[in-house]
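Reading through the structure tokens given below for one structure.
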Amino acid sequence: MNILFVTSEVFPLIKTGGLADVSYSLPKALEQLGHRVTVVIPGYRSVKSKLGVPDTRYVLQDGFLRQDIVLSEFRSSPLGLPLLLVESESLFDRDGGPYERGNGEAWADNADRFAQFCRVVVAWLTNQELEHEAYDVVHCNDWQTGLIPALLSLHHLPIKTVFTIHNLAYQGVFDRAVFQQLQLPEPWWHMDALEFYGNFSFLKAGIVYSDWVTTVSPTYADEILREPAACGMAGLLQHHQRKLVGILNGADYQVWDPKTDHHILFHYDSQNLEQKQKNKLDLQHITGLRLSKSAPLIGLVSRLVEQKGIDWVVAAIEATQGEKVQWVILGNGTPLYEQQLRALAQAHPKTIAVTIGYDEELAHRIEAGSDLFAMPSRYEPCGLNQIYSLRYGTLPIVRRTGGLADTVVDVDDASLEQGTATGFVFEEPEAQAFLATVMRAIGMYRKRKTWERIQQTAMAQRFDWEHSAQSYLELYEQE
């Protein structure tokens with residue numbers, strides 16, 4: 001099978017979140033199952049700086065495309081897969097992130113940027129003069145690629161389209177004036193097409209026009225059929241429910257495994273957990289925390305936004321200052337949360353460490369050195385860090401939602417007796433429920449033999465990409 005995988009970010013070239021990890025790991029897993037996969041991303045300035053000279057450059061002929069657009073082909077790339085780069089100095093060659101300026105404001109021309117990106121992909125697929133093997137499947141990801149299934153529907157090609165929603169809250173919504181500026185077909189301004197409550201949505205285009213819509217966990221696929229998780233799209237998704245499938249994301253255990261992780265100082269597995277204690281002391285040392293084996297250390301690597309329950313985390317940190325517990329946090333996001341966390345770290349430098357930003361090496365060291373990992377999300381389409389945490393014997397504290405519900409088994413009398421417990425789960429979306437679960441986890445940490453048994457169960461869980469990739473292949477092959 002020949003698969004074109006279209007995404008707005010991919011590790012290790014450009015990453016703002018889990019989409020980049022999925023866009024790296026899933027294509028690799030599909031290739032390992034014997035299929036040909038080419039990845040397509042925009043040619044951001046930071047991406048181009050990591051690549052050499054392309055093997056081929058194509059100037060595509062399409063009346064809708066900007067004149068400065070070039071499609072560059074790299075037959076080999078840092079991904080270990082063929083890569084297509086959509087280059088345009090006016091659209092993508094700029095400082096800042098892929099979606100936002102350095103100050104956190106969205107680029108004002110995002111609609112044009114990603115509409116052009118989608119049009120380039122469709123021009124590549126439909127131009128008979130370009131020499132490439134025909135594609136069987138185009139796999140699109142999130143709103144930035146949502147116009148591709150819609151535009152392809154105008155050509156009636158024998159290409160299957162799959163559209164994956166990584167987070168339904170990001171919908172690519174723009175107004176009527178932008179719709180007209182993008183020269184989209186007038187019949188698409190309709191409630192059964194792109195029109196969405198008086199505006200239009202890239203994400204809706206992907207849902208309506210693709211052959212299959214997937215989300216990144218089975219529970220999230222069920223949750224988004226109802227409000228508020230559906231973010232205004234419950235009726236639309238119920239209408240298209242026959243083609244909605246939840247496939248759990250996997251973890252790349254070549255990257256995230258304490259036995260081989262090159263970012264950590266001491267390698268370990270479930271049979272030599274004393275090495276994990278050394279990573280804990282290392283993490284305490286590099287973050288300035290008090291060196292202590294006995295104080296439970298809670299890690300968090302996350303976007304610091306309301307969705308992730310960061311307000312509950314701030315409240316829990318404040319409430320546990322009388323306890324023998326430490327916190328280490330890595331992330332960035334809402335300025336208020338950044339400010340609150342910084343203030344707490346400055347007031348309690350021996351028990352709270354906060355790093356604003358993202359650091360891949362520190363993220364790995366937090367996973368290896370922490371005893372517990374906090375992910376109290378209000379909603380979580382899949383989540384990957386709880387899966388990484390399980391492999392590192394760092395027991396997750398999560399809310400029962402989305403992929404968190406699909407991957408973590410709560411510690412209770414029944415699960416302890418059955419040997420299935422892997423973490424700490426709470427139900428109610430409120431600060432007090434999270435705090436109570438943190439306290440429950442701290443209490444269990446003191447029961448060392450039971451704790452090690454839970455760690456060993458957690459580390460034995462497997463959520464690798466091979467199983468998930470097989471599920472995608474079965475979907476690709478369905479009529």
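Naming works like this for the structure tokens: A, B, ... for the chains as they're shown, residue 1 at the start of each chain, ligands 1 onward in shown order.
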Which polymer residues have any atom within 9 Å of an atom of range 66-82 of chain A, counting only C-alpha atoms, with same-chain residues fewer than 6 positions away left out, as a ChimeraX atom specification?
/A:10-13,24,27-28,31,36-40,43,50-60,88-91,116,120,124
Go ahead and save the picked residues with N, CA and C atoms, as an mmCIF file, in the first residue's frame.
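This went into selection22.cif:
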data_model
loop_
_atom_site.group_PDB
_atom_site.id
_atom_site.type_symbol
_atom_site.label_atom_id
_atom_site.label_comp_id
_atom_site.auth_asym_id
_atom_site.auth_seq_id
_atom_site.Cartn_x
_atom_site.Cartn_y
_atom_site.Cartn_z
ATOM 1 N N VAL A 10 6.008 17.204 12.830
ATOM 2 C CA VAL A 10 6.513 15.845 12.975
ATOM 3 C C VAL A 10 7.853 15.892 13.718
ATOM 4 N N PHE A 11 7.973 15.054 14.738
ATOM 5 C CA PHE A 11 9.235 14.901 15.465
ATOM 6 C C PHE A 11 10.224 14.157 14.567
ATOM 7 N N PRO A 12 11.512 14.499 14.523
ATOM 8 C CA PRO A 12 12.203 15.495 15.339
ATOM 9 C C PRO A 12 12.361 16.859 14.650
ATOM 10 N N LEU A 13 11.617 17.088 13.578
ATOM 11 C CA LEU A 13 11.801 18.325 12.809
ATOM 12 C C LEU A 13 11.074 19.515 13.420
ATOM 13 N N TYR A 24 5.462 10.941 13.649
ATOM 14 C CA TYR A 24 6.733 10.226 13.471
ATOM 15 C C TYR A 24 6.529 8.722 13.628
ATOM 16 N N PRO A 27 3.732 6.534 10.935
ATOM 17 C CA PRO A 27 4.281 6.199 9.618
ATOM 18 C C PRO A 27 5.413 5.173 9.688
ATOM 19 N N LYS A 28 6.270 5.282 10.724
ATOM 20 C CA LYS A 28 7.348 4.292 10.864
ATOM 21 C C LYS A 28 6.783 2.896 11.097
ATOM 22 N N GLU A 31 5.384 1.511 7.891
ATOM 23 C CA GLU A 31 6.473 1.070 7.017
ATOM 24 C C GLU A 31 7.013 -0.282 7.466
ATOM 25 N N ARG A 36 4.577 1.466 2.002
ATOM 26 C CA ARG A 36 5.347 2.654 1.640
ATOM 27 C C ARG A 36 4.622 3.885 2.190
ATOM 28 N N VAL A 37 5.342 4.719 2.936
ATOM 29 C CA VAL A 37 4.734 5.902 3.543
ATOM 30 C C VAL A 37 5.597 7.127 3.239
ATOM 31 N N THR A 38 4.973 8.178 2.755
ATOM 32 C CA THR A 38 5.631 9.465 2.543
ATOM 33 C C THR A 38 4.947 10.495 3.443
ATOM 34 N N VAL A 39 5.742 11.280 4.150
ATOM 35 C CA VAL A 39 5.208 12.298 5.051
ATOM 36 C C VAL A 39 5.284 13.658 4.368
ATOM 37 N N VAL A 40 4.240 14.469 4.522
ATOM 38 C CA VAL A 40 4.206 15.828 3.962
ATOM 39 C C VAL A 40 4.012 16.827 5.096
ATOM 40 N N GLY A 43 7.054 23.757 5.026
ATOM 41 C CA GLY A 43 8.485 24.053 5.117
ATOM 42 C C GLY A 43 8.769 25.233 6.020
ATOM 43 N N LYS A 50 17.120 22.153 9.309
ATOM 44 C CA LYS A 50 17.556 20.819 9.733
ATOM 45 C C LYS A 50 17.699 19.854 8.562
ATOM 46 N N LEU A 51 17.394 20.331 7.367
ATOM 47 C CA LEU A 51 17.437 19.469 6.190
ATOM 48 C C LEU A 51 18.504 19.966 5.215
ATOM 49 N N GLY A 52 18.977 19.069 4.394
ATOM 50 C CA GLY A 52 19.963 19.448 3.384
ATOM 51 C C GLY A 52 19.279 19.863 2.090
ATOM 52 N N VAL A 53 19.945 19.571 1.001
ATOM 53 C CA VAL A 53 19.416 19.911 -0.320
ATOM 54 C C VAL A 53 18.458 18.816 -0.756
ATOM 55 N N PRO A 54 17.256 19.178 -1.227
ATOM 56 C CA PRO A 54 16.295 18.149 -1.649
ATOM 57 C C PRO A 54 16.761 17.412 -2.896
ATOM 58 N N ASP A 55 16.232 16.230 -3.080
ATOM 59 C CA ASP A 55 16.555 15.459 -4.285
ATOM 60 C C ASP A 55 15.903 16.063 -5.513
ATOM 61 N N THR A 56 14.683 16.572 -5.337
ATOM 62 C CA THR A 56 13.941 17.161 -6.459
ATOM 63 C C THR A 56 13.093 18.311 -5.949
ATOM 64 N N ARG A 57 12.936 19.334 -6.769
ATOM 65 C CA ARG A 57 12.000 20.420 -6.466
ATOM 66 C C ARG A 57 10.949 20.455 -7.577
ATOM 67 N N TYR A 58 9.711 20.587 -7.194
ATOM 68 C CA TYR A 58 8.602 20.638 -8.153
ATOM 69 C C TYR A 58 7.895 21.992 -8.046
ATOM 70 N N VAL A 59 7.631 22.597 -9.206
ATOM 71 C CA VAL A 59 6.781 23.782 -9.261
ATOM 72 C C VAL A 59 5.433 23.309 -9.791
ATOM 73 N N LEU A 60 4.422 23.352 -8.927
ATOM 74 C CA LEU A 60 3.119 22.782 -9.279
ATOM 75 C C LEU A 60 2.262 23.799 -10.022
ATOM 76 N N SER A 88 7.277 27.882 0.986
ATOM 77 C CA SER A 88 6.790 29.192 0.528
ATOM 78 C C SER A 88 7.361 30.235 1.472
ATOM 79 N N GLU A 89 8.192 31.117 0.937
ATOM 80 C CA GLU A 89 8.787 32.152 1.797
ATOM 81 C C GLU A 89 7.717 33.022 2.442
ATOM 82 N N SER A 90 6.666 33.335 1.690
ATOM 83 C CA SER A 90 5.643 34.242 2.206
ATOM 84 C C SER A 90 4.751 33.586 3.264
ATOM 85 N N LEU A 91 4.638 32.264 3.257
ATOM 86 C CA LEU A 91 3.722 31.577 4.171
ATOM 87 C C LEU A 91 4.418 30.919 5.356
ATOM 88 N N GLN A 116 -3.401 26.854 1.438
ATOM 89 C CA GLN A 116 -2.393 26.653 0.388
ATOM 90 C C GLN A 116 -1.670 25.317 0.578
ATOM 91 N N VAL A 120 -1.627 22.386 -2.260
ATOM 92 C CA VAL A 120 -0.394 21.794 -2.803
ATOM 93 C C VAL A 120 -0.477 20.270 -2.769
ATOM 94 N N TRP A 124 -0.399 17.819 -5.983
ATOM 95 C CA TRP A 124 0.569 16.724 -6.102
ATOM 96 C C TRP A 124 -0.140 15.410 -6.433
#
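Among A:Gln277, A:Trp212, A:Ala431, A:Gly403, the residue with the shortest atom-to-atom distance to Asp311 in chain A, counting only C-alpha atoms, is A:Ala431.
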Fewer than 2 positions away in the same chain doesn't count, so skip those; otherwise give me all residues within 12 Å of Gly235 in chain A, counting only C-alpha atoms, as an MDAnalysis selection string.
chainID A and resid 191:192 196 204 224:228 230:233 237:241
Writer output for current selection, N, CA and C atoms, as a PDB file, in the first residue's frame:
ATOM      1  N   MET A 191     -24.702  24.017   5.606  1.00  0.00           N
ATOM      2  CA  MET A 191     -24.581  23.296   6.876  1.00  0.00           C
ATOM      3  C   MET A 191     -24.150  21.839   6.681  1.00  0.00           C
ATOM      4  N   ASP A 192     -24.393  21.276   5.485  1.00  0.00           N
ATOM      5  CA  ASP A 192     -23.960  19.906   5.213  1.00  0.00           C
ATOM      6  C   ASP A 192     -22.549  19.853   4.651  1.00  0.00           C
ATOM      7  N   PHE A 196     -20.364  26.538   9.499  1.00  0.00           N
ATOM      8  CA  PHE A 196     -20.410  26.106  10.897  1.00  0.00           C
ATOM      9  C   PHE A 196     -20.835  27.290  11.762  1.00  0.00           C
ATOM     10  N   LYS A 204     -14.352  20.651  10.177  1.00  0.00           N
ATOM     11  CA  LYS A 204     -15.615  20.114   9.679  1.00  0.00           C
ATOM     12  C   LYS A 204     -15.448  19.584   8.256  1.00  0.00           C
ATOM     13  N   ILE A 224     -16.927  12.371  22.291  1.00  0.00           N
ATOM     14  CA  ILE A 224     -17.187  13.505  21.404  1.00  0.00           C
ATOM     15  C   ILE A 224     -18.522  13.403  20.668  1.00  0.00           C
ATOM     16  N   LEU A 225     -19.290  12.365  20.935  1.00  0.00           N
ATOM     17  CA  LEU A 225     -20.641  12.294  20.394  1.00  0.00           C
ATOM     18  C   LEU A 225     -21.616  13.105  21.240  1.00  0.00           C
ATOM     19  N   ARG A 226     -21.122  13.632  22.363  1.00  0.00           N
ATOM     20  CA  ARG A 226     -21.970  14.406  23.274  1.00  0.00           C
ATOM     21  C   ARG A 226     -21.238  15.683  23.682  1.00  0.00           C
ATOM     22  N   GLU A 227     -22.024  16.696  24.005  1.00  0.00           N
ATOM     23  CA  GLU A 227     -21.449  17.912  24.563  1.00  0.00           C
ATOM     24  C   GLU A 227     -21.203  17.698  26.064  1.00  0.00           C
ATOM     25  N   PRO A 228     -20.225  18.369  26.687  1.00  0.00           N
ATOM     26  CA  PRO A 228     -19.412  19.435  26.083  1.00  0.00           C
ATOM     27  C   PRO A 228     -18.163  18.953  25.353  1.00  0.00           C
ATOM     28  N   ALA A 230     -17.796  17.451  22.693  1.00  0.00           N
ATOM     29  CA  ALA A 230     -17.880  17.607  21.240  1.00  0.00           C
ATOM     30  C   ALA A 230     -17.590  19.031  20.781  1.00  0.00           C
ATOM     31  N   CYS A 231     -17.492  19.975  21.693  1.00  0.00           N
ATOM     32  CA  CYS A 231     -17.131  21.361  21.350  1.00  0.00           C
ATOM     33  C   CYS A 231     -18.022  21.937  20.254  1.00  0.00           C
ATOM     34  N   GLY A 232     -19.332  21.661  20.363  1.00  0.00           N
ATOM     35  CA  GLY A 232     -20.285  22.187  19.405  1.00  0.00           C
ATOM     36  C   GLY A 232     -20.520  21.302  18.195  1.00  0.00           C
ATOM     37  N   MET A 233     -19.822  20.166  18.098  1.00  0.00           N
ATOM     38  CA  MET A 233     -19.919  19.313  16.909  1.00  0.00           C
ATOM     39  C   MET A 233     -20.644  17.992  17.165  1.00  0.00           C
ATOM     40  N   LEU A 237     -21.050  14.960  14.402  1.00  0.00           N
ATOM     41  CA  LEU A 237     -20.380  13.674  14.601  1.00  0.00           C
ATOM     42  C   LEU A 237     -21.376  12.534  14.734  1.00  0.00           C
ATOM     43  N   GLN A 238     -22.528  12.806  15.343  1.00  0.00           N
ATOM     44  CA  GLN A 238     -23.570  11.776  15.398  1.00  0.00           C
ATOM     45  C   GLN A 238     -24.042  11.432  13.982  1.00  0.00           C
ATOM     46  N   HIS A 239     -24.166  12.460  13.133  1.00  0.00           N
ATOM     47  CA  HIS A 239     -24.594  12.247  11.747  1.00  0.00           C
ATOM     48  C   HIS A 239     -23.587  11.380  10.981  1.00  0.00           C
ATOM     49  N   HIS A 240     -22.301  11.547  11.317  1.00  0.00           N
ATOM     50  CA  HIS A 240     -21.240  10.790  10.616  1.00  0.00           C
ATOM     51  C   HIS A 240     -20.690   9.640  11.475  1.00  0.00           C
ATOM     52  N   GLN A 241     -21.460   9.208  12.453  1.00  0.00           N
ATOM     53  CA  GLN A 241     -20.965   8.219  13.414  1.00  0.00           C
ATOM     54  C   GLN A 241     -20.548   6.902  12.753  1.00  0.00           C
TER      55      GLN A 241
END
Skipping near chain neighbours, those fewer than 4 positions away, what residues fall within 12 Å of Ser302 in chain A using only C-alpha atoms, listed as a compact mmCIF listing (two decimals) with N, CA and C atoms, in the first residue's frame?
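Generated output (result.txt):
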# COMPACT_ATOMS: atom_id res chain seq x y z
N THR A 16 5.16 20.73 18.69
CA THR A 16 4.51 21.52 19.73
C THR A 16 3.74 20.64 20.69
N GLY A 17 3.50 19.36 20.30
CA GLY A 17 2.73 18.47 21.16
C GLY A 17 2.72 17.05 20.64
N GLY A 18 1.72 16.28 21.09
CA GLY A 18 1.66 14.86 20.77
C GLY A 18 1.49 14.56 19.30
N GLU A 306 -5.83 25.26 30.65
CA GLU A 306 -6.96 24.80 31.46
C GLU A 306 -7.33 23.36 31.14
N GLN A 307 -7.29 22.98 29.86
CA GLN A 307 -7.63 21.61 29.48
C GLN A 307 -6.86 20.59 30.31
N LYS A 308 -5.61 20.90 30.61
CA LYS A 308 -4.74 19.95 31.31
C LYS A 308 -4.93 19.98 32.83
N GLY A 309 -5.89 20.78 33.32
CA GLY A 309 -6.14 20.83 34.76
C GLY A 309 -5.04 21.49 35.55
N ILE A 310 -4.35 22.45 34.93
CA ILE A 310 -3.21 23.08 35.62
C ILE A 310 -3.67 23.91 36.82
N VAL A 313 -3.66 21.59 39.54
CA VAL A 313 -2.28 21.29 39.95
C VAL A 313 -1.76 22.39 40.88
N VAL A 328 8.02 18.54 40.28
CA VAL A 328 8.88 19.05 39.21
C VAL A 328 8.04 19.19 37.95
N ILE A 329 8.04 20.39 37.36
CA ILE A 329 7.11 20.72 36.28
C ILE A 329 7.86 21.31 35.09
N LEU A 330 7.48 20.84 33.89
CA LEU A 330 8.05 21.33 32.64
C LEU A 330 6.91 21.63 31.68
N GLY A 331 6.87 22.84 31.15
CA GLY A 331 5.85 23.17 30.16
C GLY A 331 5.71 24.66 29.98
N ASN A 332 4.85 25.05 29.06
CA ASN A 332 4.50 26.46 28.89
C ASN A 332 3.07 26.55 28.41
N GLY A 333 2.51 27.76 28.50
CA GLY A 333 1.12 27.92 28.10
C GLY A 333 0.54 29.22 28.60
N THR A 334 -0.59 29.13 29.29
CA THR A 334 -1.29 30.32 29.77
C THR A 334 -0.40 31.13 30.72
N TYR A 337 -0.91 30.76 34.56
CA TYR A 337 -0.42 29.52 35.18
C TYR A 337 1.10 29.53 35.27
N GLU A 338 1.76 30.02 34.22
CA GLU A 338 3.22 30.13 34.27
C GLU A 338 3.64 30.99 35.46
N VAL A 354 10.23 24.39 38.64
CA VAL A 354 9.43 24.71 37.46
C VAL A 354 10.34 25.19 36.35
N THR A 355 10.22 24.57 35.18
CA THR A 355 10.93 25.02 33.99
C THR A 355 9.90 25.40 32.94
N ILE A 356 9.87 26.66 32.53
CA ILE A 356 8.93 27.12 31.52
C ILE A 356 9.57 26.95 30.15
N GLY A 357 8.88 26.25 29.27
CA GLY A 357 9.41 25.95 27.94
C GLY A 357 9.30 24.46 27.69
N TYR A 358 10.08 23.97 26.71
CA TYR A 358 10.11 22.53 26.46
C TYR A 358 11.54 22.09 26.25
N ASP A 359 11.90 20.98 26.88
CA ASP A 359 13.25 20.43 26.82
C ASP A 359 13.11 18.92 26.73
N GLU A 360 13.43 18.35 25.57
CA GLU A 360 13.22 16.92 25.36
C GLU A 360 14.00 16.08 26.37
N ALA A 363 12.41 16.27 29.77
CA ALA A 363 11.16 15.49 29.78
C ALA A 363 11.44 14.03 30.07
N ILE A 366 12.49 13.62 33.74
CA ILE A 366 11.34 13.71 34.64
C ILE A 366 10.59 12.38 34.67
N PHE A 373 3.30 10.73 38.18
CA PHE A 373 3.19 11.67 37.07
C PHE A 373 1.77 12.21 37.04
N ALA A 374 1.61 13.53 37.10
CA ALA A 374 0.29 14.16 37.17
C ALA A 374 -0.24 14.49 35.78
N MET A 375 -1.43 13.98 35.46
CA MET A 375 -2.14 14.30 34.21
C MET A 375 -3.63 14.44 34.51
N PRO A 376 -4.01 15.49 35.26
CA PRO A 376 -5.41 15.63 35.67
C PRO A 376 -6.26 16.37 34.64
N SER A 377 -6.27 15.88 33.42
CA SER A 377 -6.91 16.62 32.33
C SER A 377 -8.42 16.67 32.46
N GLU A 380 -8.96 14.51 27.54
CA GLU A 380 -7.67 14.10 26.97
C GLU A 380 -7.93 13.12 25.84
N GLY A 383 -3.44 11.30 25.02
CA GLY A 383 -2.36 11.45 25.98
C GLY A 383 -1.29 10.41 25.69
N LEU A 384 -0.05 10.82 25.74
CA LEU A 384 1.07 9.90 25.57
C LEU A 384 1.91 9.79 26.83
N ASN A 385 1.97 10.87 27.61
CA ASN A 385 2.86 10.85 28.77
C ASN A 385 2.45 9.82 29.81
N GLN A 386 1.15 9.54 29.93
CA GLN A 386 0.77 8.50 30.89
C GLN A 386 1.25 7.13 30.41
List as a list in words the protein and nucleic acid residues near Gln455 in chain A, meaning an atom at most 8 Å away when only C-alpha atoms are counted, but skip any in the same chain fewer than 6 places from it.
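Returned residues: Ser270, Leu390, Gly393, Thr394, Leu395 and Thr422 of chain A.
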Keeping only N, CA and C atoms, take the residues you just selected and write them out as a short mmCIF file (atom, residue, chain, number, x, y, z; two decimals), in the first residue's frame.
data_model
loop_
_atom_site.label_atom_id
_atom_site.label_comp_id
_atom_site.auth_asym_id
_atom_site.auth_seq_id
_atom_site.Cartn_x
_atom_site.Cartn_y
_atom_site.Cartn_z
N SER A 270 12.04 -3.37 35.31
CA SER A 270 11.22 -3.67 36.48
C SER A 270 11.94 -4.54 37.51
N LEU A 390 3.97 4.80 32.50
CA LEU A 390 3.80 3.39 32.85
C LEU A 390 5.09 2.62 32.57
N GLY A 393 7.74 3.13 35.17
CA GLY A 393 7.42 2.82 36.56
C GLY A 393 7.09 4.07 37.36
N THR A 394 6.63 5.09 36.67
CA THR A 394 6.26 6.37 37.28
C THR A 394 4.74 6.43 37.26
N LEU A 395 4.10 6.13 38.39
CA LEU A 395 2.68 5.84 38.37
C LEU A 395 1.84 7.08 38.07
N THR A 422 -2.35 0.02 37.97
CA THR A 422 -1.19 0.68 37.35
C THR A 422 -1.08 2.17 37.68
#
Quote the spacing between CA of Leu157 in chain A and CA of Asp62 in chain A in Å to one decimal place.
17.3 Å
In Å to one decimal, how far is CA of Pro296 in chain A from CA of Glu323 in chain A?
9.8 Å
Name the residues in contact with Ile317 in chain A at a cut-off of 9 Å, using only C-alpha atoms, excluding same-chain residues fewer than 5 positions from it; report them as a PyMOL selection string.
chain A and resi 312+326-327+344+352+435
When you draw a straight line from CA of Arg365 in chain A to CA of Thr450 in chain A, how long is it in Å?
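The value is 24.2 Å.
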Counting only C-alpha atoms, which of A:Val22, A:Ile442, A:Leu182, A:Ile298 gets nearest to Glu9 in chain A?
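Among the listed residues, the smallest separation from Glu9 in chain A belongs to A:Val22.
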